[in-house]
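Listing of input38.txt; format and content: compact mmCIF, C-alpha atoms and all ligand atoms.
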```
# COMPACT_ATOMS: atom_id res chain seq x y z
CA MET A 1 31.47 28.64 -0.72
CA SER A 2 30.96 24.99 0.19
CA ARG A 3 27.74 23.27 -0.89
CA ARG A 4 28.16 20.93 2.09
CA GLN A 5 27.42 23.69 4.56
CA ASN A 6 23.94 24.01 5.98
CA ARG A 7 21.91 26.69 4.28
CA GLU A 8 21.62 28.73 7.48
CA THR A 9 25.43 28.91 7.48
CA ILE A 10 25.57 29.81 3.78
CA CYS A 11 23.23 32.71 4.48
CA ALA A 12 24.91 33.93 7.66
CA SER A 13 28.40 33.82 6.16
CA ALA A 14 27.57 35.05 2.65
CA ALA A 15 30.63 37.03 1.44
CA VAL A 16 31.97 37.37 4.99
CA GLY A 17 35.78 37.67 5.09
CA VAL A 18 36.34 37.83 1.32
CA ASP A 19 38.33 41.08 1.43
CA ALA A 20 41.93 40.03 0.68
CA ALA A 21 43.17 43.65 0.62
CA HIS A 22 42.15 44.79 4.11
CA HIS A 23 40.50 41.76 5.71
CA SER A 24 37.29 43.63 6.42
CA VAL A 25 34.78 41.17 7.84
CA ALA A 26 31.80 42.60 5.97
CA PRO A 27 32.63 42.69 2.25
CA PRO A 28 33.58 45.93 0.51
CA LEU A 29 31.13 47.40 -1.98
CA HIS A 30 32.50 47.64 -5.53
CA LEU A 31 30.76 50.50 -7.27
CA SER A 32 33.18 50.92 -10.17
CA ALA A 33 31.53 50.82 -13.58
CA ASN A 34 34.68 49.59 -15.29
CA TYR A 35 37.90 47.70 -14.58
CA ALA A 36 41.43 48.18 -15.95
CA TRP A 37 42.92 45.72 -18.44
CA SER A 38 46.62 44.97 -17.99
CA ASP A 39 46.82 44.28 -21.71
CA PRO A 40 44.30 44.91 -24.53
CA CYS A 41 44.43 41.22 -25.47
CA GLN A 42 43.84 39.92 -21.96
CA LYS A 43 40.27 40.32 -20.79
CA PRO A 44 40.21 40.58 -16.98
CA GLN A 45 37.67 38.69 -14.86
CA TYR A 46 35.66 41.92 -14.59
CA ASP A 47 35.79 44.51 -17.34
CA TYR A 48 32.48 46.37 -17.32
CA ALA A 49 29.88 46.28 -14.54
CA ARG A 50 26.90 45.44 -16.77
CA SER A 51 28.55 42.10 -17.59
CA GLY A 52 30.07 41.45 -14.16
CA ASN A 53 30.82 43.04 -10.80
CA PRO A 54 32.45 41.52 -7.68
CA THR A 55 29.62 42.55 -5.33
CA ARG A 56 26.95 41.14 -7.65
CA SER A 57 29.02 37.95 -8.05
CA GLN A 58 29.02 37.47 -4.26
CA LEU A 59 25.23 37.57 -4.20
CA GLU A 60 25.01 35.27 -7.24
CA GLU A 61 27.32 32.74 -5.59
CA ALA A 62 25.36 32.75 -2.33
CA LEU A 63 22.02 32.32 -4.15
CA CYS A 64 23.45 29.51 -6.31
CA ALA A 65 24.70 27.70 -3.20
CA LEU A 66 21.30 28.09 -1.51
CA GLU A 67 19.26 26.84 -4.48
CA GLY A 68 21.79 24.27 -5.73
CA ALA A 69 22.37 26.10 -9.02
CA ALA A 70 25.46 25.93 -11.24
CA LYS A 71 25.23 29.51 -12.46
CA GLY A 72 23.08 32.51 -11.62
CA VAL A 73 22.38 36.05 -12.73
CA VAL A 74 21.25 38.80 -10.37
CA THR A 75 18.87 41.15 -12.15
CA ALA A 76 17.48 44.63 -11.55
CA SER A 77 14.03 43.32 -10.52
CA GLY A 78 11.95 40.17 -10.34
CA MET A 79 10.28 41.20 -13.59
CA ALA A 80 13.70 41.59 -15.24
CA ALA A 81 14.48 38.04 -14.06
CA LEU A 82 11.28 36.68 -15.62
CA ASP A 83 11.86 38.63 -18.83
CA LEU A 84 15.42 37.28 -19.00
CA VAL A 85 14.08 33.72 -18.92
CA LEU A 86 11.70 34.59 -21.76
CA CYS A 87 14.75 35.33 -23.96
CA LEU A 88 15.02 31.51 -24.21
CA VAL A 89 11.71 31.28 -26.11
CA ALA A 90 11.31 31.98 -29.85
CA PRO A 91 8.29 33.09 -31.90
CA GLY A 92 5.82 30.24 -32.38
CA GLU A 93 6.95 28.44 -29.21
CA LEU A 94 4.56 28.04 -26.30
CA VAL A 95 4.94 29.24 -22.71
CA LEU A 96 2.67 27.57 -20.17
CA ALA A 97 1.93 29.73 -17.13
CA PRO A 98 -0.34 29.51 -14.08
CA HIS A 99 -3.67 31.28 -14.55
CA ASP A 100 -3.34 32.95 -11.14
CA CYS A 101 0.30 34.00 -11.33
CA TYR A 102 1.49 37.39 -10.06
CA GLY A 103 -0.35 40.13 -12.01
CA GLY A 104 2.89 41.63 -13.35
CA THR A 105 3.95 38.23 -14.71
CA HIS A 106 0.54 37.84 -16.36
CA ARG A 107 0.90 41.31 -17.91
CA LEU A 108 4.44 40.61 -19.17
CA LEU A 109 3.51 37.27 -20.75
CA THR A 110 0.35 38.69 -22.33
CA ALA A 111 2.13 41.77 -23.69
CA ARG A 112 5.06 39.83 -25.17
CA ALA A 113 2.72 37.20 -26.66
CA LYS A 114 0.64 39.97 -28.29
CA ARG A 115 3.83 41.14 -30.01
CA GLY A 116 4.30 37.60 -31.38
CA GLN A 117 7.44 36.89 -29.33
CA PHE A 118 5.94 33.54 -28.27
CA ASP A 119 2.52 32.01 -27.57
CA VAL A 120 1.20 31.80 -24.03
CA ALA A 121 -1.42 29.59 -22.36
CA PHE A 122 -2.60 30.27 -18.80
CA VAL A 123 -3.80 27.12 -17.05
CA ASP A 124 -4.75 25.96 -13.59
CA GLN A 125 -1.54 24.09 -12.82
CA SER A 126 -2.93 22.76 -9.56
CA ASN A 127 -5.37 20.65 -11.60
CA PRO A 128 -3.60 17.52 -12.96
CA GLU A 129 -6.11 17.05 -15.83
CA THR A 130 -5.75 20.62 -17.09
CA LEU A 131 -1.99 20.35 -16.79
CA ASP A 132 -1.92 17.06 -18.72
CA ALA A 133 -3.98 18.57 -21.53
CA ALA A 134 -1.75 21.66 -21.63
CA PHE A 135 1.40 19.53 -21.95
CA ARG A 136 -0.09 17.88 -25.05
CA ARG A 137 0.47 21.25 -26.74
CA ALA A 138 4.25 20.68 -26.38
CA PRO A 139 5.26 23.86 -24.53
CA LYS A 140 8.85 25.06 -24.81
CA LEU A 141 8.84 26.57 -21.31
CA VAL A 142 6.65 25.92 -18.30
CA LEU A 143 6.52 28.59 -15.62
CA ILE A 144 5.46 27.36 -12.19
CA GLU A 145 4.57 29.70 -9.34
CA THR A 146 3.94 27.66 -6.24
CA PRO A 147 2.48 28.75 -3.89
CA SER A 148 0.78 31.09 -6.36
CA ASN A 149 0.14 34.78 -5.81
CA PRO A 150 -2.41 35.56 -4.34
CA LEU A 151 -4.38 32.31 -3.92
CA LEU A 152 -1.57 30.15 -2.58
CA ARG A 153 -2.45 27.33 -4.98
CA ILE A 154 0.07 24.53 -4.94
CA SER A 155 1.41 22.92 -8.12
CA ASP A 156 3.04 19.55 -7.89
CA ILE A 157 6.59 20.37 -8.97
CA ARG A 158 7.64 16.72 -9.37
CA SER A 159 4.65 15.90 -11.63
CA CYS A 160 5.26 18.99 -13.71
CA VAL A 161 8.91 18.05 -14.14
CA ALA A 162 7.95 14.47 -15.10
CA LEU A 163 5.59 15.76 -17.81
CA ALA A 164 8.23 18.24 -19.02
CA ARG A 165 10.87 15.50 -19.30
CA LYS A 166 8.61 13.65 -21.77
CA THR A 167 8.09 16.70 -23.98
CA GLY A 168 11.49 18.38 -23.54
CA ALA A 169 10.10 21.55 -21.96
CA LEU A 170 12.19 23.75 -19.67
CA VAL A 171 10.68 24.08 -16.20
CA VAL A 172 11.09 27.43 -14.48
CA ALA A 173 9.89 27.95 -10.91
CA ASP A 174 9.19 31.34 -9.40
CA ASN A 175 10.24 30.67 -5.80
CA THR A 176 9.54 34.19 -4.52
CA PHE A 177 6.81 33.21 -2.02
CA LEU A 178 8.97 30.73 -0.10
CA SER A 179 12.65 31.49 -0.81
CA PRO A 180 15.30 28.72 -0.76
CA ALA A 181 14.84 28.52 3.01
CA LEU A 182 11.50 26.74 2.49
CA GLN A 183 11.54 25.31 -1.05
CA ARG A 184 14.27 24.28 -3.48
CA PRO A 185 12.76 23.62 -6.92
CA LEU A 186 16.07 22.66 -8.60
CA GLU A 187 16.38 19.70 -6.21
CA LEU A 188 12.91 18.63 -7.40
CA GLY A 189 14.06 18.66 -11.03
CA CYS A 190 13.30 22.20 -12.27
CA ASP A 191 15.78 23.72 -14.70
CA ILE A 192 15.64 27.32 -13.53
CA VAL A 193 14.58 29.18 -10.39
CA VAL A 194 13.47 32.79 -10.54
CA HIS A 195 13.21 35.17 -7.59
CA SER A 196 11.94 38.59 -6.88
CA THR A 197 14.69 39.21 -4.29
CA THR A 198 12.68 42.33 -3.40
CA LYS A 199 10.68 40.01 -1.13
CA PHE A 200 11.94 37.51 1.47
CA ILE A 201 15.54 37.31 0.21
CA ASN A 202 16.30 40.97 0.86
CA GLY A 203 13.51 41.20 3.40
CA HIS A 204 14.01 44.86 4.29
CA SER A 205 11.79 46.51 1.67
CA ASP A 206 14.56 48.80 0.48
CA VAL A 207 15.71 47.11 -2.75
CA VAL A 208 13.91 45.99 -5.91
CA GLY A 209 15.85 43.09 -7.35
CA GLY A 210 15.68 39.66 -8.91
CA ALA A 211 17.66 36.53 -9.69
CA VAL A 212 17.69 33.72 -12.25
CA LEU A 213 19.46 30.54 -11.13
CA ALA A 214 20.12 27.64 -13.49
CA ARG A 215 20.80 24.02 -12.55
CA ASP A 216 22.93 23.50 -15.63
CA ALA A 217 26.07 25.63 -16.19
CA ALA A 218 25.58 25.92 -19.97
CA LEU A 219 22.02 27.17 -19.52
CA GLY A 220 23.31 29.60 -16.86
CA GLU A 221 25.93 30.89 -19.33
CA GLU A 222 23.25 31.37 -21.97
CA LEU A 223 21.18 33.40 -19.48
CA ALA A 224 24.24 35.44 -18.44
CA TRP A 225 24.89 36.19 -22.14
CA TRP A 226 21.33 37.45 -22.57
CA ALA A 227 21.54 39.45 -19.33
CA ASN A 228 24.65 41.26 -20.54
CA CYS A 229 23.13 41.67 -24.01
CA THR A 230 19.88 43.21 -22.75
CA GLY A 231 21.38 45.01 -19.72
CA VAL A 232 18.98 43.65 -17.09
CA THR A 233 21.73 42.92 -14.54
CA GLY A 234 21.42 44.25 -10.98
CA ALA A 235 23.26 47.27 -9.56
CA PRO A 236 26.20 46.76 -7.14
CA PHE A 237 24.66 48.72 -4.26
CA ASP A 238 21.40 46.76 -4.59
CA SER A 239 23.42 43.53 -4.53
CA PHE A 240 25.27 44.70 -1.41
CA LEU A 241 22.04 45.46 0.44
CA THR A 242 20.45 42.21 -0.72
CA LEU A 243 23.46 40.23 0.54
CA ARG A 244 23.05 41.97 3.89
CA GLY A 245 19.36 41.04 3.99
CA LEU A 246 20.06 37.46 2.89
CA ARG A 247 22.21 36.80 5.96
CA THR A 248 19.12 36.88 8.20
CA LEU A 249 16.76 35.06 5.81
CA PHE A 250 16.28 31.97 7.97
CA PRO A 251 15.44 33.60 11.33
CA ARG A 252 13.18 36.11 9.59
CA ILE A 253 11.14 33.66 7.55
CA GLU A 254 10.92 31.10 10.35
CA ARG A 255 9.52 33.69 12.76
CA GLN A 256 7.22 35.23 10.11
CA GLN A 257 5.89 31.78 9.27
CA LEU A 258 4.99 31.09 12.91
CA THR A 259 3.14 34.41 13.06
CA ALA A 260 1.29 33.65 9.81
CA GLN A 261 0.18 30.30 11.23
CA ALA A 262 -1.22 31.97 14.37
CA LEU A 263 -3.13 34.53 12.29
CA VAL A 264 -4.42 31.85 9.91
CA ASP A 265 -5.71 29.70 12.79
CA ALA A 266 -7.57 32.63 14.34
CA LEU A 267 -9.09 33.76 11.04
CA ALA A 268 -10.06 30.24 9.97
CA ALA A 269 -12.10 29.92 13.18
CA ASP A 270 -14.05 33.16 12.58
CA ASP A 271 -17.51 32.83 11.01
CA ARG A 272 -17.14 36.10 9.08
CA VAL A 273 -14.47 34.42 7.00
CA GLU A 274 -15.45 32.44 3.91
CA THR A 275 -12.06 30.85 3.17
CA VAL A 276 -8.48 31.17 4.37
CA PHE A 277 -6.00 30.27 1.64
CA TYR A 278 -2.92 28.87 3.34
CA PRO A 279 -1.20 25.60 2.36
CA GLY A 280 -0.54 24.81 6.01
CA LEU A 281 -4.25 24.20 6.64
CA SER A 282 -5.14 20.51 6.30
CA SER A 283 -8.28 21.65 4.42
CA HIS A 284 -6.16 23.33 1.72
CA PRO A 285 -6.39 21.22 -1.49
CA GLY A 286 -2.61 21.40 -1.97
CA HIS A 287 -1.72 20.66 1.67
CA GLU A 288 -0.22 17.19 1.11
CA ILE A 289 1.76 18.25 -1.95
CA ALA A 290 3.01 21.32 -0.07
CA ARG A 291 4.14 19.05 2.77
CA SER A 292 6.04 16.88 0.33
CA GLN A 293 7.88 19.66 -1.51
CA GLN A 294 8.19 22.52 0.99
CA ALA A 295 10.18 22.82 4.23
CA GLY A 296 7.48 25.09 5.67
CA PHE A 297 4.19 26.68 4.66
CA GLY A 298 5.45 30.25 4.52
CA ALA A 299 4.40 33.65 5.78
CA MET A 300 1.83 34.53 3.09
CA PHE A 301 -1.92 33.88 3.21
CA SER A 302 -5.08 35.27 1.69
CA VAL A 303 -8.59 35.54 3.08
CA GLU A 304 -11.94 35.67 1.32
CA PHE A 305 -14.38 37.50 3.61
CA LYS A 306 -18.12 36.84 3.71
CA GLU A 307 -20.67 39.30 2.28
CA GLY A 308 -21.38 40.91 5.69
CA VAL A 309 -17.81 42.25 5.88
CA GLU A 310 -17.13 45.58 4.18
CA VAL A 311 -13.68 44.76 2.83
CA LEU A 312 -12.62 48.30 1.99
CA ARG A 313 -13.59 49.40 5.49
CA LEU A 314 -11.55 46.57 6.94
CA LEU A 315 -8.48 47.66 5.01
CA ARG A 316 -9.00 51.31 5.92
CA SER A 317 -9.31 50.42 9.63
CA ILE A 318 -6.16 48.37 9.80
CA ASN A 319 -3.18 49.94 11.60
CA VAL A 320 -0.22 47.71 12.32
CA PHE A 321 -0.38 46.16 8.86
CA THR A 322 0.47 48.62 6.09
CA ILE A 323 -1.66 48.64 2.94
CA ALA A 324 0.97 48.15 0.26
CA GLU A 325 2.08 46.09 -2.70
CA SER A 326 4.99 43.71 -2.21
CA LEU A 327 5.48 41.07 0.47
CA GLY A 328 8.09 39.24 2.45
CA GLY A 329 9.61 42.21 4.25
CA PHE A 330 10.12 42.73 8.00
CA GLU A 331 6.86 44.69 8.09
CA SER A 332 3.39 43.19 7.91
CA LEU A 333 1.56 44.13 4.74
CA VAL A 334 -1.98 43.78 3.51
CA CYS A 335 -3.38 44.30 0.03
CA LEU A 336 -6.51 43.96 -2.06
CA PRO A 337 -5.16 42.01 -5.06
CA ALA A 338 -8.07 42.89 -7.40
CA ALA A 339 -7.30 46.61 -7.03
CA MET A 340 -3.57 46.46 -6.39
CA THR A 341 -1.18 43.63 -7.29
CA HIS A 342 -3.50 42.01 -9.86
CA ALA A 343 -5.21 45.13 -11.26
CA SER A 344 -3.36 44.77 -14.57
CA MET A 345 -5.20 41.48 -15.24
CA ASP A 346 -8.57 42.19 -16.84
CA ALA A 347 -11.68 41.39 -14.79
CA GLU A 348 -12.37 38.21 -16.78
CA ALA A 349 -8.83 36.87 -16.24
CA ARG A 350 -9.20 37.57 -12.51
CA ARG A 351 -12.58 35.83 -12.47
CA ILE A 352 -11.12 32.74 -14.15
CA ALA A 353 -8.21 32.77 -11.70
CA GLY A 354 -10.61 33.06 -8.74
CA ILE A 355 -9.35 36.46 -7.54
CA SER A 356 -12.46 38.14 -6.20
CA GLU A 357 -12.98 41.66 -4.91
CA ARG A 358 -13.45 40.20 -1.42
CA LEU A 359 -10.02 38.59 -1.37
CA VAL A 360 -7.43 40.18 0.91
CA ARG A 361 -3.75 39.11 0.90
CA PHE A 362 -1.59 39.27 4.01
CA SER A 363 2.20 39.13 4.41
CA ALA A 364 3.15 38.44 8.04
CA GLY A 365 6.10 40.49 9.28
CA LEU A 366 8.20 40.55 12.42
CA GLU A 367 5.84 42.46 14.74
CA HIS A 368 4.46 40.67 17.80
CA GLU A 369 1.72 38.25 16.82
CA GLN A 370 -0.65 39.64 19.51
CA ASP A 371 -0.46 43.14 18.01
CA LEU A 372 -1.21 41.76 14.56
CA LEU A 373 -4.12 39.66 15.82
CA ARG A 374 -5.59 42.65 17.67
CA ASP A 375 -5.16 44.79 14.56
CA ILE A 376 -6.96 42.37 12.23
CA PHE A 377 -9.81 41.58 14.59
CA THR A 378 -10.43 45.22 15.61
CA ALA A 379 -10.63 46.10 11.90
CA LEU A 380 -12.82 43.08 11.20
CA ASP A 381 -15.22 44.04 14.00
CA SER A 382 -15.55 47.57 12.68
CA ALA A 383 -15.94 46.35 9.07
CA SER A 384 -18.64 43.86 10.08
CA GLU A 385 -20.75 46.39 12.06
CA ILE A 386 -20.47 49.05 9.39
CA GLY A 387 -21.00 46.49 6.64
CA ALA A 388 -24.49 45.83 7.99
CA ALA A 389 -25.39 49.54 7.78
CA LEU A 390 -24.03 50.00 4.25
CA PRO A 391 -25.93 49.13 1.06
CA ALA A 392 -25.68 45.38 0.48
CA GLY A 393 -23.29 43.99 -2.10
CA PRO A 394 -19.63 43.09 -2.38
CA ALA A 395 -16.85 45.67 -2.20
CA ASN A 396 -16.73 47.35 -5.58
CA ILE A 397 -13.26 48.06 -6.86
CA SER A 398 -14.63 50.67 -9.26
CA LYS A 399 -14.63 52.87 -6.13
CA PHE A 400 -10.88 53.06 -6.59
CA PRO A 401 -9.52 55.92 -8.67
CA LYS A 402 -8.64 54.91 -12.22
CA GLN A 403 -4.91 55.18 -11.53
CA ALA A 404 -5.12 52.72 -8.65
CA ALA A 405 -6.66 50.11 -10.91
CA ASP A 406 -3.96 50.70 -13.53
CA ILE A 407 -0.99 50.43 -11.22
CA CYS A 408 0.55 47.03 -10.73
CA ALA A 409 3.89 47.07 -8.99
C1 LIG B 1 5.64 35.89 -7.31
C2 LIG B 1 6.26 37.15 -7.87
N1 LIG B 1 7.12 37.06 -8.90
C3 LIG B 1 7.69 38.17 -9.42
C4 LIG B 1 7.41 39.44 -8.94
C5 LIG B 1 8.04 40.64 -9.57
O1 LIG B 1 9.10 41.10 -8.78
P1 LIG B 1 9.62 42.62 -8.75
O2 LIG B 1 8.55 43.45 -8.16
O3 LIG B 1 10.87 42.53 -7.94
O4 LIG B 1 9.90 43.02 -10.18
C6 LIG B 1 6.53 39.56 -7.86
C7 LIG B 1 6.22 40.89 -7.31
O5 LIG B 1 5.37 41.05 -6.45
C8 LIG B 1 5.93 38.39 -7.32
O6 LIG B 1 5.07 38.45 -6.28
```
So, in terms of structure tokens, how does the structure I just supplied come out?
Amino acid sequence: MSRRQNRETICASAAVGVDAAHHSVAPPLHLSANYAWSDPCQKPQYDYARSGNPTRSQLEEALCALEGAAKGVVTASGMAALDLVLCLVAPGELVLAPHDCYGGTHRLLTARAKRGQFDVAFVDQSNPETLDAAFRRAPKLVLIETPSNPLLRISDIRSCVALARKTGALVVADNTFLSPALQRPLELGCDIVVHSTTKFINGHSDVVGGAVLARDAALGEELAWWANCTGVTGAPFDSFLTLRGLRTLFPRIERQQLTAQALVDALAADDRVETVFYPGLSSHPGHEIARSQQAGFGAMFSVEFKEGVEVLRLLRSINVFTIAESLGGFESLVCLPAAMTHASMDAEARRIAGISERLVRFSAGLEHEQDLLRDIFTALDSASEIGAALPAGPANISKFPKQAADICA
């Protein structure tokens, strides 16, 4: 796989024509759990599928080429990828994380820190003063999630890397929201990129997977050692499907991004909307930084609706969008982060992060933009009329059954 190829070509030709046995154009799927040794003293390239598998290697190579990594590990989920990175941190060392990161990441960091596996500090990484103060605590690892989930806050990757260079911290970027098609953190100086490949990279909402990609080969080897040790590596069939999804990453995300921009423009002009969170808007506080470090503004946005809009009614009236966790697939999705993706954060942590009960997150899919616009605005009309007739007050997530508030995919 040549690094000199354009990334569109790397995607489209990922593992195409690698079958030396039969010259199949699409690669074969290697499901075998183990591989024969010709001699007990000569370890073959692949011996046992937890440590290595040809299909998983093809996906790892393609992702490394896309992100500019020396070595990568494909994992069973995005959470497994994040947990793998946390193997690099020892008790007493500090992990610095964004205060509005994905709810599952927040839960993982909090739970592991409670066990004493490391210390964690959640900070607003989009605020240079807060970030400066946090770096004075000499973190061992800094996790960046930019744009953040669900508020699309932008952290300045270059500034974060510059601060980390002074203190010797490892910088890890969760690039799930943009994919290597729109942002390449290793080129901006990060040490590691993490993905939930469940999202844009696979893009077909039929695999849960993840990846950890290291700029430095030795660090990549260390991560691969931990991945084999803990058994978090991805399954061959999942890797096969993810490779298939990856081949269409560019056309999917480019089209989805255009649709997101059209929806954002229409919503931003509506007086029932308090704020649209989308880095492509010139009013977004991170707009200029996003322009400087991203190749596009992405297909994700969130909307804070005004008091007159009954948010639960809006979600229940929506049709073309599906109410679901996850993002980045071919299908348009909508969710209420406070009750869904970020329900595992306690109410105070959500308040500090700015995730209100009136915040709705959208993932633009591949449907026609006119159908999506009609869907949102029909639901908004019905939620605004009914909102006036209902008792005043914001949508109350305690209306959700207990289980819904406990689930965080
Ligand atoms: C930004 C981000 N990182 C990580 C994850 C976790 O990925 P997975 O669900 O594949 O474990 C998610 C899931 O939504 C996410 O949005």
Would you list the residues near (1.2, 38.1, 3.6) (no more than 8 Å away, in the coordinates of the file, using all atoms listed in the file) as an MDAnalysis selection string?
-> chainID A and resid 260 299:302 327:328 332:334 361:365
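Note that atom CA of Leu241 of chain A and atom CA of Asp206 of chain A are 8.2 Å apart.
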Contact residues around segment 165-174 of chain A with all atoms listed in the file at 6 Å, ignoring same-chain residues under 6 positions, as a PyMOL selection string | chain A and resi 139-145+190-195
Would you list the contacts of segment 274-288 of chain A as a list in words, taking every protein, DNA or RNA residue within 8 Å and counting all atoms listed in the file, but skipping same-chain residues closer than 2 positions in sequence?
->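 Result of the neighbour search: Ser126, Pro147, Leu151, Leu152, Arg153, Ile154, Ser155, Gln261, Val264, Leu267, Ala268, Asp271, Arg272, Ala290, Arg291, Ser292, Phe297, Met300, Phe301, Ser302, Val303, Glu304, Phe305 and Lys306 of chain A.
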Those same residues - C-alpha atoms - I'd like them written as a PDB file, in the frame of the given file.
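Contents of part-v6.pdb, freshly written:
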```pdb
ATOM      1  CA  SER A 126      -2.930  22.760  -9.560  1.00  0.00           C
ATOM      2  CA  PRO A 147       2.480  28.750  -3.890  1.00  0.00           C
ATOM      3  CA  LEU A 151      -4.380  32.310  -3.920  1.00  0.00           C
ATOM      4  CA  LEU A 152      -1.570  30.150  -2.580  1.00  0.00           C
ATOM      5  CA  ARG A 153      -2.450  27.330  -4.980  1.00  0.00           C
ATOM      6  CA  ILE A 154       0.070  24.530  -4.940  1.00  0.00           C
ATOM      7  CA  SER A 155       1.410  22.920  -8.120  1.00  0.00           C
ATOM      8  CA  GLN A 261       0.180  30.300  11.230  1.00  0.00           C
ATOM      9  CA  VAL A 264      -4.420  31.850   9.910  1.00  0.00           C
ATOM     10  CA  LEU A 267      -9.090  33.760  11.040  1.00  0.00           C
ATOM     11  CA  ALA A 268     -10.060  30.240   9.970  1.00  0.00           C
ATOM     12  CA  ASP A 271     -17.510  32.830  11.010  1.00  0.00           C
ATOM     13  CA  ARG A 272     -17.140  36.100   9.080  1.00  0.00           C
ATOM     14  CA  ALA A 290       3.010  21.320  -0.070  1.00  0.00           C
ATOM     15  CA  ARG A 291       4.140  19.050   2.770  1.00  0.00           C
ATOM     16  CA  SER A 292       6.040  16.880   0.330  1.00  0.00           C
ATOM     17  CA  PHE A 297       4.190  26.680   4.660  1.00  0.00           C
ATOM     18  CA  MET A 300       1.830  34.530   3.090  1.00  0.00           C
ATOM     19  CA  PHE A 301      -1.920  33.880   3.210  1.00  0.00           C
ATOM     20  CA  SER A 302      -5.080  35.270   1.690  1.00  0.00           C
ATOM     21  CA  VAL A 303      -8.590  35.540   3.080  1.00  0.00           C
ATOM     22  CA  GLU A 304     -11.940  35.670   1.320  1.00  0.00           C
ATOM     23  CA  PHE A 305     -14.380  37.500   3.610  1.00  0.00           C
ATOM     24  CA  LYS A 306     -18.120  36.840   3.710  1.00  0.00           C
TER      25      LYS A 306
END
```
Could I get the residue neighbourhood of ligand LIG 1 (chain B) at 9 Å, counting all atoms listed in the file, as number ranges by chain?
-> A: 76-82, 101-105, 145-150, 174-177, 194-199, 207-210, 325-327, 341, 408-409
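Nearest to Val74 of chain A of all the residues A:Ser13, A:Ser356, A:Thr248, A:Thr233 is A:Thr233, counting only C-alpha atoms.
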Could you pull out every residue with an atom within 10 Å of (-8.5, 45.2, 14.1), file coordinates, counting all atoms listed in the file, and send them as a list of chain:residue names?
->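 Neighbouring residues, ordered by chain and number, come to A:Leu314, A:Leu315, A:Ser317, A:Ile318, A:Asn319, A:Val320, A:Phe321, A:Asp371, A:Leu372, A:Leu373, A:Arg374, A:Asp375, A:Ile376, A:Phe377, A:Thr378, A:Ala379, A:Leu380, A:Asp381, A:Ser382, A:Ala383.
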